[in-house]
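Have a look at the structure below, then the notes.
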Amino acid sequence: MRVSVYIGISLDGYIARADGDIDWLMAADTSDGSDDYGYKAFSDSVDCMIMGRNTFEKVLSFPEWPYVGKRLIVLSRTLKALPVELEECVVLYSGSIIELVKQLENEGCQRLYIDGGETIQSFLNEGLITDLSITRVPVLLGEGLSLFGKTKQDIQLKHISTKTFKNGFVQSIYGVVNEV
């Protein structure tokens, strides 16, 4: 089973402002006529999404629910209830992420999408991530929430491909070589 990250970051490595705002990402110039940067193809290949509470709460602020038809698991020890309209497609989980991945693999999942800074960091530190697609957006934030934090040990990556876009976006895909 593949356990994948697909995320946009600022050129200086932040996924959000310090307060969690992603206005800079939503305002990024996408008028270059490019496709959706491979997101639809990626999303179509995903059986289940896993994200943390903070990311989930950010997604809830969007005008429309972006994951119609997708199974979503929200990792949280504090969130106790879901919006009624999402109870059919969203599950709260507070257990071991290693056990969660094993369970999903046993259920036949072929690809998981991991989203949210702390969640991505946790999965990386447990050796669960198999590949990362990182799209660098040409903006410097100066501070914010970093994609990568402290790791238990070096995590070796293998470069798979890099694609540049006319608007300055640079998307690189990496495979994880040595799992923790």
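Residues are referred to by chain and number: the chain letter is A, B, ... according to the order shown in the structure tokens, the number counts from 1 in that chain, and ligands are numbered separately from 1 in the order shown.
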
Please return, as a PyMOL selection string, all residues of chain A that DSSP assigns to helix (DSSP H, G or I) on the basis of the backbone. chain A and resi 23-26+39-44+53-60+84-86+97-106+117-125

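For Asp21 (chain A), the non-local neighbours within 12 Å, defined as residues at least 3 positions apart in the same chain or in other chains and counting only C-alpha atoms, are A:Tyr14, A:Ile15, A:Ala16, A:Arg17, A:Ala18, A:Trp24, A:Leu25, A:Met26, A:Ala27, A:Asn54, A:Thr55, A:Glu57, A:Lys58, A:Val59, A:Ser61, A:Phe62, A:Leu141, A:Glu143, A:Gly144, A:Leu145.
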
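When only C-alpha atoms are used to measure the gap to Gln153 (chain A), the shortest distance among A:Phe165, A:Thr130, A:Val5, A:Leu124 belongs to A:Leu124.
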
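Restricting the calculation to only C-alpha atoms, the smallest distance between Ile155 (chain A) and any of A:Val177, A:Leu82, A:Leu140, A:Val170 is found for A:Val177.
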
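Distance annotation: of A:Leu147, A:Ile129, A:Ile160, A:Val68, the residue with the minimal separation from Asp44 (chain A) is A:Val68; atom set is only C-alpha atoms.
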
Shell around region 90-105 of chain A at 6 Å using only C-alpha atoms, local window under 5 positions removed, as a ChimeraX atom specification: /A:72-77

Expected file contents, prior selection, N, CA, C and O atoms, as an mmCIF file, in the first residue's frame:
```
data_model
loop_
_atom_site.group_PDB
_atom_site.id
_atom_site.type_symbol
_atom_site.label_atom_id
_atom_site.label_comp_id
_atom_site.auth_asym_id
_atom_site.auth_seq_id
_atom_site.Cartn_x
_atom_site.Cartn_y
_atom_site.Cartn_z
ATOM 1 N N LEU A 72 -12.627 9.825 4.775
ATOM 2 C CA LEU A 72 -11.689 10.680 5.491
ATOM 3 C C LEU A 72 -11.620 10.262 6.951
ATOM 4 O O LEU A 72 -12.651 10.078 7.604
ATOM 5 N N ILE A 73 -10.402 10.115 7.458
ATOM 6 C CA ILE A 73 -10.176 9.824 8.863
ATOM 7 C C ILE A 73 -9.468 11.027 9.466
ATOM 8 O O ILE A 73 -8.447 11.490 8.945
ATOM 9 N N VAL A 74 -10.026 11.552 10.549
ATOM 10 C CA VAL A 74 -9.450 12.698 11.241
ATOM 11 C C VAL A 74 -8.809 12.208 12.529
ATOM 12 O O VAL A 74 -9.480 11.574 13.362
ATOM 13 N N LEU A 75 -7.514 12.495 12.670
ATOM 14 C CA LEU A 75 -6.798 12.114 13.877
ATOM 15 C C LEU A 75 -6.999 13.208 14.922
ATOM 16 O O LEU A 75 -6.666 14.367 14.682
ATOM 17 N N SER A 76 -7.569 12.824 16.058
ATOM 18 C CA SER A 76 -7.778 13.802 17.123
ATOM 19 C C SER A 76 -8.049 13.098 18.441
ATOM 20 O O SER A 76 -8.786 12.103 18.480
ATOM 21 N N ARG A 77 -7.453 13.635 19.476
ATOM 22 C CA ARG A 77 -7.747 13.148 20.834
ATOM 23 C C ARG A 77 -8.731 14.078 21.528
ATOM 24 O O ARG A 77 -9.205 13.772 22.610
#
```

For the atom pair CA of Tyr113 (chain A) and CA of Val84 (chain A), what is the interatomic distance in Å to one decimal place? 23.4 Å

DSSP-assigned strand (DSSP E or B) members of region 15-80 of chain A, reported as a PDB file with N, CA and C atoms, in the first residue's frame:
```
ATOM      1  N   ILE A  15       3.840  25.492   5.209  1.00  0.00           N
ATOM      2  CA  ILE A  15       2.565  25.028   4.651  1.00  0.00           C
ATOM      3  C   ILE A  15       1.422  25.964   5.006  1.00  0.00           C
ATOM      4  N   ALA A  16       1.656  26.830   5.989  1.00  0.00           N
ATOM      5  CA  ALA A  16       0.639  27.788   6.424  1.00  0.00           C
ATOM      6  C   ALA A  16       1.322  28.892   7.219  1.00  0.00           C
ATOM      7  N   CYS A  48      -8.373   6.532   0.714  1.00  0.00           N
ATOM      8  CA  CYS A  48      -8.723   7.105   2.010  1.00  0.00           C
ATOM      9  C   CYS A  48      -7.768   8.249   2.323  1.00  0.00           C
ATOM     10  N   MET A  49      -8.306   9.288   2.928  1.00  0.00           N
ATOM     11  CA  MET A  49      -7.501  10.424   3.370  1.00  0.00           C
ATOM     12  C   MET A  49      -7.390  10.394   4.886  1.00  0.00           C
ATOM     13  N   ILE A  50      -6.229  10.823   5.384  1.00  0.00           N
ATOM     14  CA  ILE A  50      -6.021  10.937   6.821  1.00  0.00           C
ATOM     15  C   ILE A  50      -5.443  12.317   7.080  1.00  0.00           C
ATOM     16  N   MET A  51      -6.062  13.050   7.996  1.00  0.00           N
ATOM     17  CA  MET A  51      -5.557  14.372   8.351  1.00  0.00           C
ATOM     18  C   MET A  51      -5.761  14.615   9.832  1.00  0.00           C
ATOM     19  N   GLY A  52      -5.049  15.597  10.338  1.00  0.00           N
ATOM     20  CA  GLY A  52      -5.189  15.983  11.731  1.00  0.00           C
ATOM     21  C   GLY A  52      -6.353  16.935  11.939  1.00  0.00           C
ATOM     22  N   ARG A  71     -13.424   8.819   1.523  1.00  0.00           N
ATOM     23  CA  ARG A  71     -13.396   8.424   2.934  1.00  0.00           C
ATOM     24  C   ARG A  71     -12.309   9.256   3.615  1.00  0.00           C
ATOM     25  N   LEU A  72     -12.627   9.825   4.775  1.00  0.00           N
ATOM     26  CA  LEU A  72     -11.689  10.680   5.491  1.00  0.00           C
ATOM     27  C   LEU A  72     -11.620  10.262   6.951  1.00  0.00           C
ATOM     28  N   ILE A  73     -10.402  10.115   7.458  1.00  0.00           N
ATOM     29  CA  ILE A  73     -10.176   9.824   8.863  1.00  0.00           C
ATOM     30  C   ILE A  73      -9.468  11.027   9.466  1.00  0.00           C
ATOM     31  N   VAL A  74     -10.026  11.552  10.549  1.00  0.00           N
ATOM     32  CA  VAL A  74      -9.450  12.698  11.241  1.00  0.00           C
ATOM     33  C   VAL A  74      -8.809  12.208  12.529  1.00  0.00           C
ATOM     34  N   LEU A  75      -7.514  12.495  12.670  1.00  0.00           N
ATOM     35  CA  LEU A  75      -6.798  12.114  13.877  1.00  0.00           C
ATOM     36  C   LEU A  75      -6.999  13.208  14.922  1.00  0.00           C
TER      37      LEU A  75
END
```
